[in-house]
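Undergrad: Can you keep this structure in mind? I'll have questions shortly.
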Amino acid sequence: MKILKIKLHWQILIAFILAVLFGYFIPDGVKYVSWIGEIFLRALKMVIIPLVFSSIISGVTSMGDGKNLGRLGVKTMFYYLGTSTLAILTGLTMVNLIKPGVGIDLGFSKTVEGLTENTGSVQDIFFRLIPENIIDSMARGEILPVIFFAILLGFFITKTATKYRETLTNFFNAFFEVMMKVTLFIIKFTPLGIFGIVATEVKRNSGELASIAGSLAIYSLTVVAALLIHALVTLPVIVRFIGKAKPYEHLKNMAAPLLTAFSTSSSSATLPLTMEALENNSGVSNKVSSFTLPLGATINMDGTALYECVAAMFIAQAYGVELTFIQQMLIVVTALLASIGAAGIPMAGLVMMTVVLTAVGLPLEGIGLVLAVDRILDMLRTAVNVWSDSCGAVTIARTENEETSVAVN
Ligand code: ASP
């Protein structure tokens, strides 16, 4: 039983290595384990709709009673959407420059169906955001209309009479808590899931193993490089020039929450530390931090957004699929929405990968390709998520004329 005590990322690594060996040396045995991967993917898909739905409503209702939604709310939303989009564009540029997946050629390009019917004009993409029938969209697992509806519902919950508002806010918070627990339970089975998926993929692509391993390393470096550019260049520029504050001083103040985010891979779990460090070290008022941070922990995930985009592009490259400009834009939009919908818990970004892949019609099995390094990259992207929340709080506090302790004099 001791093996169960090893940290999840080690378990995943061990499962990955065993799966590669198994798929390579005992290909005939793969048919006995591939069902495990199948079940794991089904379980991930099972939680997406309820998790995203409750996560967004709980995030939006945490904005308070609607009075807050004035200037502060507009600024916060502007910052969240703006920085997440910048993060995605950084990832998109890097993945197009480095092209980590090109050359793997999984030889599935012909079997990638639905690519054309899943992409339309930009106008179509916006039309598809609005569900004709929300239950139908949920049943089909169409995430974008569900996110749209959840934002609307959350917003109007904050606008109703106190009695109803409290009931519904509590209900969705409770539902969200439970869904996070269910998801974390499924995530515990990742080593088994990874074993089933990876063994199957290795058997199918045994001739390509060396090039896949090489590409996976380059892919990880692409994600890390893009995350670092976003965290150490883009965000500091915003803090310095819009917030008129010292970004690297602020970075030092945030050491504890950032390290916690890195080691727990959970923005939600890190939230109390993020609030404490912002108020006590960087001198942001409780008014700004209590408004921006809980919301940020669920919907502002720059690192996750960037990661979704790079991973989807990598998978497309590996399958030899050339994505058009419109398709890449669809990835940008879905990566943004996926990051908004992702819960602040370990590997939520992986759950949301299915959404981005489905949107452009890429095969879900592609997840098997990035699964092995997901847990490690999760640590870094979570730190970037928390870092962006904290930069947002400082920037917004400064534009509200708060002094803070990191202001440029
Ligand atoms: N673990 C990340 C977070 O908590 C979400 C993700 O998986 O990308 O912020």
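All residue names refer to the structure tokens as shown: chains lettered A, B, ... in order, residues numbered from 1 in each chain, ligands numbered from 1 in order.
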Write out as a list in words the residues lying within 9 Å of Ala348 in chain A, counting only C-alpha atoms and excluding same-chain residues fewer than 5 positions away.
TA: Thr183, Ile187, Thr304, Ala342, Ala343, Met353 and Asp378 of chain A
Undergrad: Output the neighbourhood of ligand 1 as a PyMOL selection string, that is, all protein and nucleic acid residues with some atom at most 9 Å from the ligand, counting only C-alpha atoms and all ligand atoms.
TA: chain A and resi 261+264-270+297-298+300-305+307-308+339+342-352+374-375+377-386
Undergrad: Restricting the output to N, CA and C atoms, write the selected residues as a compact mmCIF listing (two decimals), in the first residue's frame.
TA:
```txt
# COMPACT_ATOMS: atom_id res chain seq x y z
N ALA A 261 1.20 27.88 -4.52
CA ALA A 261 0.50 27.56 -5.77
C ALA A 261 1.30 26.51 -6.54
N THR A 264 1.00 23.10 -4.61
CA THR A 264 -0.32 22.46 -4.49
C THR A 264 -1.04 22.34 -5.83
N SER A 265 -0.60 23.10 -6.83
CA SER A 265 -1.30 23.15 -8.12
C SER A 265 -2.77 23.51 -7.94
N SER A 266 -3.06 24.37 -6.99
CA SER A 266 -4.45 24.76 -6.81
C SER A 266 -4.56 26.23 -6.44
N SER A 267 -5.15 27.03 -7.34
CA SER A 267 -5.32 28.46 -7.02
C SER A 267 -6.30 28.62 -5.88
N SER A 268 -7.34 27.76 -5.84
CA SER A 268 -8.34 27.90 -4.78
C SER A 268 -7.72 27.63 -3.42
N ALA A 269 -6.90 26.58 -3.34
CA ALA A 269 -6.27 26.25 -2.06
C ALA A 269 -5.31 27.36 -1.63
N THR A 270 -4.73 28.06 -2.61
CA THR A 270 -3.75 29.09 -2.29
C THR A 270 -4.41 30.41 -1.88
N ALA A 297 -9.45 33.71 -8.57
CA ALA A 297 -9.01 32.33 -8.37
C ALA A 297 -9.83 31.35 -9.19
N THR A 298 -11.07 31.71 -9.51
CA THR A 298 -11.85 30.78 -10.34
C THR A 298 -11.87 31.17 -11.81
N ASN A 300 -9.83 33.88 -13.47
CA ASN A 300 -8.66 34.47 -14.13
C ASN A 300 -7.50 33.49 -14.10
N MET A 301 -7.29 32.78 -15.18
CA MET A 301 -6.22 31.79 -15.21
C MET A 301 -5.39 31.97 -16.47
N ASP A 302 -4.45 32.89 -16.39
CA ASP A 302 -3.61 33.17 -17.56
C ASP A 302 -2.77 31.96 -17.94
N GLY A 303 -2.19 31.32 -16.91
CA GLY A 303 -1.33 30.18 -17.19
C GLY A 303 -2.11 29.05 -17.84
N THR A 304 -3.30 28.80 -17.32
CA THR A 304 -4.13 27.73 -17.88
C THR A 304 -4.55 28.07 -19.31
N ALA A 305 -4.92 29.32 -19.54
CA ALA A 305 -5.35 29.73 -20.88
C ALA A 305 -4.23 29.51 -21.89
N TYR A 307 -1.69 27.53 -21.59
CA TYR A 307 -1.43 26.10 -21.69
C TYR A 307 -2.44 25.40 -22.62
N GLU A 308 -3.72 25.75 -22.47
CA GLU A 308 -4.75 25.12 -23.31
C GLU A 308 -4.44 25.34 -24.78
N SER A 339 -10.32 28.46 -19.76
CA SER A 339 -9.61 28.91 -18.56
C SER A 339 -10.58 29.58 -17.58
N ALA A 342 -12.37 26.65 -15.92
CA ALA A 342 -11.59 25.69 -15.14
C ALA A 342 -11.66 26.03 -13.66
N ALA A 343 -11.83 25.01 -12.84
CA ALA A 343 -11.84 25.23 -11.39
C ALA A 343 -10.40 25.37 -10.92
N GLY A 344 -10.21 26.02 -9.77
CA GLY A 344 -8.85 26.22 -9.28
C GLY A 344 -8.30 25.04 -8.52
N ILE A 345 -8.36 23.87 -9.12
CA ILE A 345 -7.87 22.67 -8.46
C ILE A 345 -6.90 21.95 -9.39
N PRO A 346 -6.10 21.02 -8.85
CA PRO A 346 -5.09 20.37 -9.70
C PRO A 346 -5.70 19.72 -10.94
N MET A 347 -5.05 19.94 -12.04
CA MET A 347 -5.38 19.31 -13.32
C MET A 347 -6.76 19.67 -13.88
N ALA A 348 -7.34 20.75 -13.39
CA ALA A 348 -8.61 21.17 -13.97
C ALA A 348 -8.40 21.55 -15.43
N GLY A 349 -7.22 22.08 -15.72
CA GLY A 349 -6.90 22.47 -17.10
C GLY A 349 -6.94 21.28 -18.03
N LEU A 350 -6.55 20.14 -17.51
CA LEU A 350 -6.58 18.92 -18.34
C LEU A 350 -8.01 18.53 -18.66
N VAL A 351 -8.88 18.66 -17.65
CA VAL A 351 -10.30 18.35 -17.88
C VAL A 351 -10.82 19.24 -19.01
N MET A 352 -10.42 20.52 -18.96
CA MET A 352 -10.93 21.48 -19.95
C MET A 352 -10.31 21.30 -21.33
N ASP A 374 1.54 16.78 -17.92
CA ASP A 374 0.53 17.74 -17.48
C ASP A 374 0.70 18.15 -16.02
N ARG A 375 0.95 17.17 -15.17
CA ARG A 375 1.00 17.46 -13.73
C ARG A 375 2.14 18.41 -13.40
N LEU A 377 3.57 20.59 -15.56
CA LEU A 377 3.27 21.91 -16.12
C LEU A 377 2.16 22.60 -15.32
N ASP A 378 1.30 21.79 -14.70
CA ASP A 378 0.22 22.34 -13.88
C ASP A 378 0.78 23.20 -12.74
N MET A 379 1.90 22.75 -12.17
CA MET A 379 2.49 23.49 -11.05
C MET A 379 2.87 24.90 -11.50
N LEU A 380 3.48 24.96 -12.65
CA LEU A 380 3.95 26.25 -13.13
C LEU A 380 2.78 27.13 -13.58
N ARG A 381 1.81 26.53 -14.27
CA ARG A 381 0.72 27.38 -14.75
C ARG A 381 -0.14 27.87 -13.59
N THR A 382 -0.24 27.07 -12.52
CA THR A 382 -1.00 27.53 -11.35
C THR A 382 -0.31 28.73 -10.70
N ALA A 383 1.03 28.66 -10.62
CA ALA A 383 1.77 29.80 -10.06
C ALA A 383 1.52 31.05 -10.91
N VAL A 384 1.49 30.87 -12.22
CA VAL A 384 1.23 32.02 -13.10
C VAL A 384 -0.20 32.53 -12.91
N ASN A 385 -1.15 31.61 -12.71
CA ASN A 385 -2.54 32.02 -12.46
C ASN A 385 -2.62 32.92 -11.22
N VAL A 386 -1.96 32.48 -10.16
CA VAL A 386 -2.03 33.23 -8.90
C VAL A 386 -1.27 34.56 -9.04
```
Undergrad: Of the candidates A:Ser390, A:Thr222, A:Asn401, A:Asn96, which one gets nearest to Asn281 in chain A if we count only C-alpha atoms?
TA: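 The shortest atom-to-atom distance to Asn281 in chain A comes from A:Ser390.
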Undergrad: With only C-alpha atoms as the counted atoms, please give the residues lying no more than 8 Å from Met275 in chain A, apart from itself and same-chain residues fewer than 2 positions off, as a CSV table (one decimal) with C-alpha atoms, in the first residue's frame.
TA:
```csv
chain,number,residue,atom,x,y,z
A,271,LEU,CA,-6.4,31.8,-2.0
A,272,PRO,CA,-6.1,32.6,1.7
A,273,LEU,CA,-2.3,33.0,1.4
A,277,ALA,CA,0.3,38.5,1.2
A,278,LEU,CA,-1.5,41.1,-0.9
A,279,GLU,CA,-2.9,42.9,2.1
A,289,SER,CA,-8.5,42.1,-2.5
A,290,SER,CA,-11.7,40.6,-1.3
A,293,LEU,CA,-9.1,37.6,-5.6
```
Undergrad: Tell me which protein, DNA and RNA residues are within 6 Å of range 403-408 of chain A, counting only C-alpha atoms, leaving out same-chain ones fewer than 5 positions away, and put them as a PyMOL selection string.
TA: chain A and resi 244-246+282-284
Undergrad: Can you write just those residues out, all heavy atoms, as a PDB file, in the first residue's frame?
TA:
```
ATOM      1  N   LYS A 244       1.352  51.700 -12.101  1.00  0.00           N
ATOM      2  CA  LYS A 244       2.375  52.601 -11.525  1.00  0.00           C
ATOM      3  C   LYS A 244       2.901  52.014 -10.210  1.00  0.00           C
ATOM      4  O   LYS A 244       2.945  52.693  -9.173  1.00  0.00           O
ATOM      5  CB  LYS A 244       1.811  54.004 -11.277  1.00  0.00           C
ATOM      6  CG  LYS A 244       1.110  54.629 -12.482  1.00  0.00           C
ATOM      7  CD  LYS A 244       1.894  55.805 -13.000  1.00  0.00           C
ATOM      8  CE  LYS A 244       1.240  56.486 -14.206  1.00  0.00           C
ATOM      9  NZ  LYS A 244       0.626  55.615 -15.206  1.00  0.00           N
ATOM     10  N   ALA A 245       3.260  50.734 -10.265  1.00  0.00           N
ATOM     11  CA  ALA A 245       3.805  50.072  -9.076  1.00  0.00           C
ATOM     12  C   ALA A 245       5.039  49.270  -9.478  1.00  0.00           C
ATOM     13  O   ALA A 245       5.293  49.066 -10.667  1.00  0.00           O
ATOM     14  CB  ALA A 245       2.755  49.162  -8.452  1.00  0.00           C
ATOM     15  N   LYS A 246       5.784  48.828  -8.447  1.00  0.00           N
ATOM     16  CA  LYS A 246       7.035  48.104  -8.738  1.00  0.00           C
ATOM     17  C   LYS A 246       6.769  46.607  -8.800  1.00  0.00           C
ATOM     18  O   LYS A 246       6.581  45.957  -7.762  1.00  0.00           O
ATOM     19  CB  LYS A 246       8.057  48.386  -7.627  1.00  0.00           C
ATOM     20  CG  LYS A 246       8.408  49.853  -7.494  1.00  0.00           C
ATOM     21  CD  LYS A 246       9.381  50.029  -6.342  1.00  0.00           C
ATOM     22  CE  LYS A 246       9.464  51.480  -5.934  1.00  0.00           C
ATOM     23  NZ  LYS A 246       9.589  51.678  -4.486  1.00  0.00           N
ATOM     24  N   SER A 282       1.929  43.679   0.288  1.00  0.00           N
ATOM     25  CA  SER A 282       1.891  44.693  -0.769  1.00  0.00           C
ATOM     26  C   SER A 282       0.950  45.851  -0.444  1.00  0.00           C
ATOM     27  O   SER A 282       0.854  46.806  -1.216  1.00  0.00           O
ATOM     28  CB  SER A 282       1.512  44.050  -2.113  1.00  0.00           C
ATOM     29  OG  SER A 282       2.583  43.248  -2.571  1.00  0.00           O
ATOM     30  N   GLY A 283       0.243  45.735   0.672  1.00  0.00           N
ATOM     31  CA  GLY A 283      -0.561  46.863   1.143  1.00  0.00           C
ATOM     32  C   GLY A 283      -1.800  47.185   0.321  1.00  0.00           C
ATOM     33  O   GLY A 283      -2.207  48.332   0.226  1.00  0.00           O
ATOM     34  N   VAL A 284      -2.393  46.151  -0.259  1.00  0.00           N
ATOM     35  CA  VAL A 284      -3.639  46.373  -1.002  1.00  0.00           C
ATOM     36  C   VAL A 284      -4.803  46.320  -0.005  1.00  0.00           C
ATOM     37  O   VAL A 284      -4.782  45.509   0.925  1.00  0.00           O
ATOM     38  CB  VAL A 284      -3.803  45.287  -2.093  1.00  0.00           C
ATOM     39  CG1 VAL A 284      -5.181  45.335  -2.718  1.00  0.00           C
ATOM     40  CG2 VAL A 284      -2.731  45.440  -3.156  1.00  0.00           C
TER      41      VAL A 284
END
```
Undergrad: If we count only C-alpha atoms, what is near Ala226 in chain A at a cut-off of 8 Å, once residues fewer than 5 positions away on the same chain are taken out, given as a ChimeraX atom specification?
TA: /A:87,90-91,94,306
Undergrad: Considering only C-alpha atoms, state which residue in the set A:Arg398, A:Lys287, A:Lys99, A:Arg42 is at the smallest distance from Gln317 in chain A.
TA: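 Smallest separation from Gln317 in chain A among the options: A:Lys99.
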Undergrad: Using only C-alpha atoms, which of the listed residues (A:Ala199, A:Leu81, A:Ile242, A:Ile36) sits closest to Ala397 in chain A?
TA: A:Ile242
Undergrad: Write out as a PyMOL selection string which residues come within 12 Å of range 239-241 of chain A when counting only C-alpha atoms, dropping same-chain ones fewer than 3 positions away.
TA: chain A and resi 79+83+231-236+244-251+387-399+406-409
Undergrad: One decimal, in Å: what's the spacing between CA of Leu336 in chain A and CA of Glu166 in chain A?
TA: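 Between CA of Leu336 in chain A and CA of Glu166 in chain A the gap works out to 29.2 Å.
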Undergrad: Could you please write out, as an NGL selection string, every residue of range 123-196 of chain A that DSSP assigns to helix (DSSP H, G or I)?
TA: :A and (123-129 or 134-140 or 143-157 or 162-187 or 190-196)
Undergrad: Quick one: contact table of range 264-367 of chain A to range 206-219 of chain A, 10 Å max, nearest atom pair and distance in Å to one decimal per residue, counting only C-alpha atoms, chain and number order, as a Markdown table?
TA:
```
| residue | atom | partner | partner_atom | distance |
| --- | --- | --- | --- | --- |
| A:Val310 | CA | A:Tyr219 | CA | 8.2 |
| A:Ala311 | CA | A:Tyr219 | CA | 8.1 |
| A:Phe314 | CA | A:Tyr219 | CA | 7.2 |
| A:Ile315 | CA | A:Tyr219 | CA | 10.0 |
| A:Ala318 | CA | A:Ile212 | CA | 8.7 |
```
